[in-house]
Amino acid sequence: MEHLVKENLDIKIFNHLFSKKESSLFFQRLLDQIEWKQETITMWGKKRTLRRRVAWYGDPGKNYAYSGNSLTPKAWNEDLMLIKEKIETVSTIRFNSVLLNDYEDGNVGMGWHSDDEKELGKNPIIGSVSFGVDRDFYLKPKVKSSNERIKINAANGSFILMNGSTQHHWLHSLPIRKKINERRINLTFRTII
């Protein structure tokens, strides 16, 4: 486990928490069995359909809203529960929901943002699990005067735990990488209050 600690940043990286065999199995089962939907977001007052597919699962009543979307959770399935139990064991955090993202290839990414919606409460803890192709995951301070960038390899089978006030003071992104032609499935576990 690698632990990155800076001012208002607390991240633990568990590389290969899931074995290659586990990762391959979960990747295929999530791809086939999750009820994916095409994401539509509102940006600058206009609705846009994105290439990324998403799904929201969790405990009953743990609704989530972001970018003009309001999501009602689907019930946990067996695979999601197994993944959740494994990350809860190493993090000691109890998560009650998960947002799944399907990045078809390197042409699909995610711009700079933070997971700090009001439903997540003060100092939300986000647990990110990756299956599939390795991708660069970047963080930068929200302070515009800073040029600092932190690069993390979101590897197949890895678990990245973002703690403390990280979401309030830092942005993160998954940049487009046109040379990558393989798929990545990312699960971001959260606790809706």
# chains A, B, ... in the order shown; residues from 1 in each chain; ligands from 1
>>> select_by_dssp(residues="segment 11-81 of chain A", states="helix (DSSP H, G or I)", output="list in words")
Lys20, Lys21, Glu22, Ser23, Ser24, Leu25, Phe26, Phe27, Gln28, Arg29, Leu30, Leu31, Asp32, Gln33, Glu78, Asp79, Leu80 and Met81 of chain A
>>> residues_around(residues="Thr42 of chain A", least_positions_apart="4", cutoff="10 Å", atoms="only C-alpha atoms", output="PyMOL selection string")
chain A and resi 46-49+66-69
>>> closest_residue(among="A:Thr188, A:Asn153, A:Ser24, A:Asn8", to="Val98 of chain A", atoms="only C-alpha atoms")
A:Thr188
>>> closest_atom_pairs(of="segment 32-97 of chain A", to="segment 108-128 of chain A", cutoff="10 Å", atoms="only C-alpha atoms", output="tab-separated table")
residue	atom	partner	partner_atom	distance
A:Leu50	CA	A:Val108	CA	8.7
A:Arg51	CA	A:Val108	CA	6.5
A:Arg52	CA	A:Val108	CA	6.3
A:Arg53	CA	A:Val108	CA	9.9
A:Lys62	CA	A:Glu119	CA	8.8
A:Asn63	CA	A:Glu119	CA	8.3
A:Tyr64	CA	A:Glu119	CA	6.8
A:Ala65	CA	A:Glu117	CA	7.7
A:Tyr66	CA	A:Glu117	CA	7.2
A:Lys84	CA	A:Gly127	CA	9.4
A:Ile87	CA	A:Gly127	CA	7.9
A:Glu88	CA	A:Gly127	CA	9.2
A:Ser91	CA	A:Gly127	CA	8.6
A:Ile93	CA	A:Ile125	CA	8.3
A:Arg94	CA	A:Ile125	CA	9.9
A:Phe95	CA	A:Gly127	CA	8.4
>>> write_last_selection(atoms="C-alpha atoms", output="CSV table (one decimal), in the first residue's frame")
chain,number,residue,atom,x,y,z
A,50,LEU,CA,-21.5,11.2,-23.6
A,51,ARG,CA,-19.7,8.1,-24.8
A,52,ARG,CA,-19.2,6.9,-21.3
A,53,ARG,CA,-21.8,4.4,-20.0
A,62,LYS,CA,-29.5,6.2,-1.7
A,63,ASN,CA,-30.2,8.5,-4.6
A,64,TYR,CA,-27.5,10.6,-6.2
A,65,ALA,CA,-27.5,13.7,-8.3
A,66,TYR,CA,-24.8,15.3,-10.4
A,84,LYS,CA,-17.5,-4.0,-1.8
A,87,ILE,CA,-12.4,-3.0,-0.2
A,88,GLU,CA,-14.2,-2.4,3.0
A,91,SER,CA,-10.3,0.5,4.1
A,93,ILE,CA,-15.1,2.3,5.5
A,94,ARG,CA,-18.7,1.2,5.0
A,95,PHE,CA,-19.9,2.2,1.5
>>> closest_atom_pairs(of="segment 64-135 of chain A", to="segment 176-182 of chain A", cutoff="7 Å", atoms="only C-alpha atoms", output="JSON lines")
{"residue": "A:Glu104", "atom": "CA", "partner": "A:Glu182", "partner_atom": "CA", "distance": 6.8}
{"residue": "A:Asp105", "atom": "CA", "partner": "A:Asn181", "partner_atom": "CA", "distance": 4.9}
{"residue": "A:Gly106", "atom": "CA", "partner": "A:Arg177", "partner_atom": "CA", "distance": 4.4}
{"residue": "A:Asn107", "atom": "CA", "partner": "A:Lys178", "partner_atom": "CA", "distance": 5.2}
{"residue": "A:Val108", "atom": "CA", "partner": "A:Ile176", "partner_atom": "CA", "distance": 5.9}
{"residue": "A:Gly109", "atom": "CA", "partner": "A:Ile176", "partner_atom": "CA", "distance": 4.8}
{"residue": "A:Val133", "atom": "CA", "partner": "A:Glu182", "partner_atom": "CA", "distance": 5.9}
>>> write_last_selection(atoms="all heavy atoms", output="tab-separated table (two decimals), in the first residue's frame")
chain	number	residue	atom	x	y	z
A	104	GLU	N	-14.96	2.85	-22.89
A	104	GLU	CA	-14.79	1.89	-23.99
A	104	GLU	C	-13.34	1.79	-24.47
A	104	GLU	O	-12.86	0.72	-24.80
A	104	GLU	CB	-15.69	2.30	-25.15
A	104	GLU	CG	-15.67	1.35	-26.32
A	104	GLU	CD	-16.58	1.81	-27.44
A	104	GLU	OE1	-17.11	2.93	-27.40
A	104	GLU	OE2	-16.76	1.01	-28.38
A	105	ASP	N	-12.65	2.92	-24.52
A	105	ASP	CA	-11.25	2.96	-24.93
A	105	ASP	C	-10.66	4.29	-24.48
A	105	ASP	O	-11.30	5.05	-23.75
A	105	ASP	CB	-11.10	2.76	-26.45
A	105	ASP	CG	-11.90	3.75	-27.28
A	105	ASP	OD1	-12.08	4.92	-26.83
A	105	ASP	OD2	-12.35	3.39	-28.38
A	106	GLY	N	-9.44	4.58	-24.94
A	106	GLY	CA	-8.77	5.80	-24.51
A	106	GLY	C	-9.38	7.09	-25.04
A	106	GLY	O	-8.99	8.18	-24.60
A	107	ASN	N	-10.32	6.99	-25.99
A	107	ASN	CA	-11.02	8.17	-26.48
A	107	ASN	C	-12.10	8.64	-25.52
A	107	ASN	O	-12.71	9.69	-25.73
A	107	ASN	CB	-11.65	7.89	-27.85
A	107	ASN	CG	-10.60	7.74	-28.92
A	107	ASN	OD1	-9.82	8.65	-29.15
A	107	ASN	ND2	-10.57	6.59	-29.55
A	108	VAL	N	-12.35	7.85	-24.49
A	108	VAL	CA	-13.36	8.19	-23.48
A	108	VAL	C	-12.61	8.50	-22.19
A	108	VAL	O	-11.83	7.68	-21.70
A	108	VAL	CB	-14.36	7.04	-23.26
A	108	VAL	CG1	-15.46	7.47	-22.30
A	108	VAL	CG2	-14.95	6.57	-24.58
A	109	GLY	N	-12.84	9.67	-21.65
A	109	GLY	CA	-12.18	10.08	-20.42
A	109	GLY	C	-13.13	10.83	-19.51
A	109	GLY	O	-14.35	10.80	-19.70
A	133	VAL	N	-7.89	-2.13	-18.78
A	133	VAL	CA	-6.63	-1.50	-19.15
A	133	VAL	C	-6.22	-0.45	-18.11
A	133	VAL	O	-7.06	0.23	-17.53
A	133	VAL	CB	-6.74	-0.87	-20.56
A	133	VAL	CG1	-7.67	0.33	-20.57
A	133	VAL	CG2	-5.37	-0.52	-21.12
>>> residues_around(residues="Lys20 of chain A", least_positions_apart="4", cutoff="9 Å", atoms="only C-alpha atoms", output="VMD selection string")
chain A and resid 16 24 to 25 156 to 157
>>> closest_residue(among="A:Thr166, A:Asn96, A:Ser130, A:Ser173", to="Lys151 of chain A", atoms="only C-alpha atoms")
A:Ser173
>>> closest_residue(among="A:Thr72, A:Ser97, A:Ser158, A:Ser165", to="Ser23 of chain A", atoms="only C-alpha atoms")
A:Ser158
>>> atom_distance(atom1="atom CA of Lys140 of chain A", atom2="atom CA of Trp170 of chain A")
5.5 Å
>>> residues_around(residues="Ile160 of chain A", least_positions_apart="3", cutoff="7 Å", atoms="only C-alpha atoms", output="PDB file with N, CA and C atoms, in the first residue's frame")
ATOM      1  N   ILE A  11      -4.468  10.055   0.230  1.00  0.00           N
ATOM      2  CA  ILE A  11      -4.830   9.002  -0.721  1.00  0.00           C
ATOM      3  C   ILE A  11      -4.037   7.745  -0.418  1.00  0.00           C
ATOM      4  N   LYS A  12      -4.735   6.623  -0.366  1.00  0.00           N
ATOM      5  CA  LYS A  12      -4.087   5.322  -0.207  1.00  0.00           C
ATOM      6  C   LYS A  12      -4.281   4.544  -1.507  1.00  0.00           C
ATOM      7  N   ILE A  13      -3.205   3.954  -1.997  1.00  0.00           N
ATOM      8  CA  ILE A  13      -3.237   3.200  -3.254  1.00  0.00           C
ATOM      9  C   ILE A  13      -2.897   1.749  -2.958  1.00  0.00           C
ATOM     10  N   PHE A  14      -3.844   0.875  -3.257  1.00  0.00           N
ATOM     11  CA  PHE A  14      -3.649  -0.561  -3.092  1.00  0.00           C
ATOM     12  C   PHE A  14      -3.532  -1.155  -4.489  1.00  0.00           C
ATOM     13  N   GLY A 127     -13.918   5.517  -2.780  1.00  0.00           N
ATOM     14  CA  GLY A 127     -13.102   4.334  -3.053  1.00  0.00           C
ATOM     15  C   GLY A 127     -13.220   3.950  -4.516  1.00  0.00           C
ATOM     16  N   SER A 128     -12.116   4.007  -5.264  1.00  0.00           N
ATOM     17  CA  SER A 128     -12.120   3.787  -6.703  1.00  0.00           C
ATOM     18  C   SER A 128     -11.436   2.467  -7.052  1.00  0.00           C
ATOM     19  N   VAL A 129     -12.177   1.577  -7.725  1.00  0.00           N
ATOM     20  CA  VAL A 129     -11.651   0.277  -8.156  1.00  0.00           C
ATOM     21  C   VAL A 129     -11.614   0.262  -9.679  1.00  0.00           C
TER      22      VAL A 129
END
>>> atom_distance(atom1="atom CA of Ser146 of chain A", atom2="atom CA of Asp10 of chain A")
17.8 Å
>>> atom_distance(atom1="atom CA of Ala55 of chain A", atom2="atom CA of Leu30 of chain A")
10.4 Å
>>> decode(residues="segment 87-155 of chain A", atoms="C-alpha atoms", output="CSV table (one decimal), in the first residue's frame")
chain,number,residue,atom,x,y,z
A,87,ILE,CA,-12.4,-3.0,-0.2
A,88,GLU,CA,-14.2,-2.4,3.0
A,89,THR,CA,-11.9,-4.9,4.7
A,90,VAL,CA,-8.8,-2.9,3.8
A,91,SER,CA,-10.3,0.5,4.1
A,92,THR,CA,-12.5,0.0,7.2
A,93,ILE,CA,-15.1,2.3,5.5
A,94,ARG,CA,-18.7,1.2,5.0
A,95,PHE,CA,-19.9,2.2,1.5
A,96,ASN,CA,-23.6,2.2,0.7
A,97,SER,CA,-23.5,3.0,-3.1
A,98,VAL,CA,-21.3,2.8,-6.2
A,99,LEU,CA,-21.2,4.7,-9.5
A,100,LEU,CA,-19.8,2.5,-12.3
A,101,ASN,CA,-18.2,4.0,-15.4
A,102,ASP,CA,-17.5,2.1,-18.6
A,103,TYR,CA,-14.7,3.7,-20.6
A,104,GLU,CA,-14.8,1.9,-24.0
A,105,ASP,CA,-11.3,3.0,-24.9
A,106,GLY,CA,-8.8,5.8,-24.5
A,107,ASN,CA,-11.0,8.2,-26.5
A,108,VAL,CA,-13.4,8.2,-23.5
A,109,GLY,CA,-12.2,10.1,-20.4
A,110,MET,CA,-13.3,12.3,-17.6
A,111,GLY,CA,-12.5,16.0,-17.2
A,112,TRP,CA,-11.4,17.7,-14.0
A,113,HIS,CA,-13.9,17.4,-11.2
A,114,SER,CA,-14.3,16.5,-7.5
A,115,ASP,CA,-16.9,14.2,-5.9
A,116,ASP,CA,-18.2,16.7,-3.4
A,117,GLU,CA,-21.9,16.8,-3.9
A,118,LYS,CA,-24.1,17.6,-0.9
A,119,GLU,CA,-25.4,14.0,-0.6
A,120,LEU,CA,-21.8,12.8,0.2
A,121,GLY,CA,-21.6,15.0,3.3
A,122,LYS,CA,-18.5,16.7,4.7
A,123,ASN,CA,-15.1,15.2,3.7
A,124,PRO,CA,-16.6,12.4,1.5
A,125,ILE,CA,-14.5,9.3,1.2
A,126,ILE,CA,-14.3,7.8,-2.3
A,127,GLY,CA,-13.1,4.3,-3.1
A,128,SER,CA,-12.1,3.8,-6.7
A,129,VAL,CA,-11.7,0.3,-8.2
A,130,SER,CA,-10.3,-0.3,-11.7
A,131,PHE,CA,-10.7,-3.3,-13.9
A,132,GLY,CA,-9.3,-3.6,-17.5
A,133,VAL,CA,-6.6,-1.5,-19.2
A,134,ASP,CA,-4.4,0.7,-17.0
A,135,ARG,CA,-5.1,4.4,-17.2
A,136,ASP,CA,-3.5,7.6,-15.9
A,137,PHE,CA,-5.4,9.2,-13.1
A,138,TYR,CA,-4.4,12.8,-12.3
A,139,LEU,CA,-5.0,15.1,-9.3
A,140,LYS,CA,-4.5,18.9,-9.0
A,141,PRO,CA,-5.3,21.4,-6.3
A,142,LYS,CA,-8.4,23.5,-6.8
A,143,VAL,CA,-6.3,26.6,-6.1
A,144,LYS,CA,-5.9,28.2,-9.6
A,145,SER,CA,-2.4,29.5,-8.8
A,146,SER,CA,-0.9,26.0,-8.3
A,147,ASN,CA,0.6,24.1,-11.2
A,148,GLU,CA,1.0,21.0,-9.1
A,149,ARG,CA,-0.1,17.7,-10.7
A,150,ILE,CA,0.0,14.2,-9.2
A,151,LYS,CA,-0.1,11.2,-11.5
A,152,ILE,CA,-1.3,7.8,-10.3
A,153,ASN,CA,-1.5,4.6,-12.4
A,154,ALA,CA,-5.0,3.3,-12.1
A,155,ALA,CA,-4.0,-0.3,-12.7
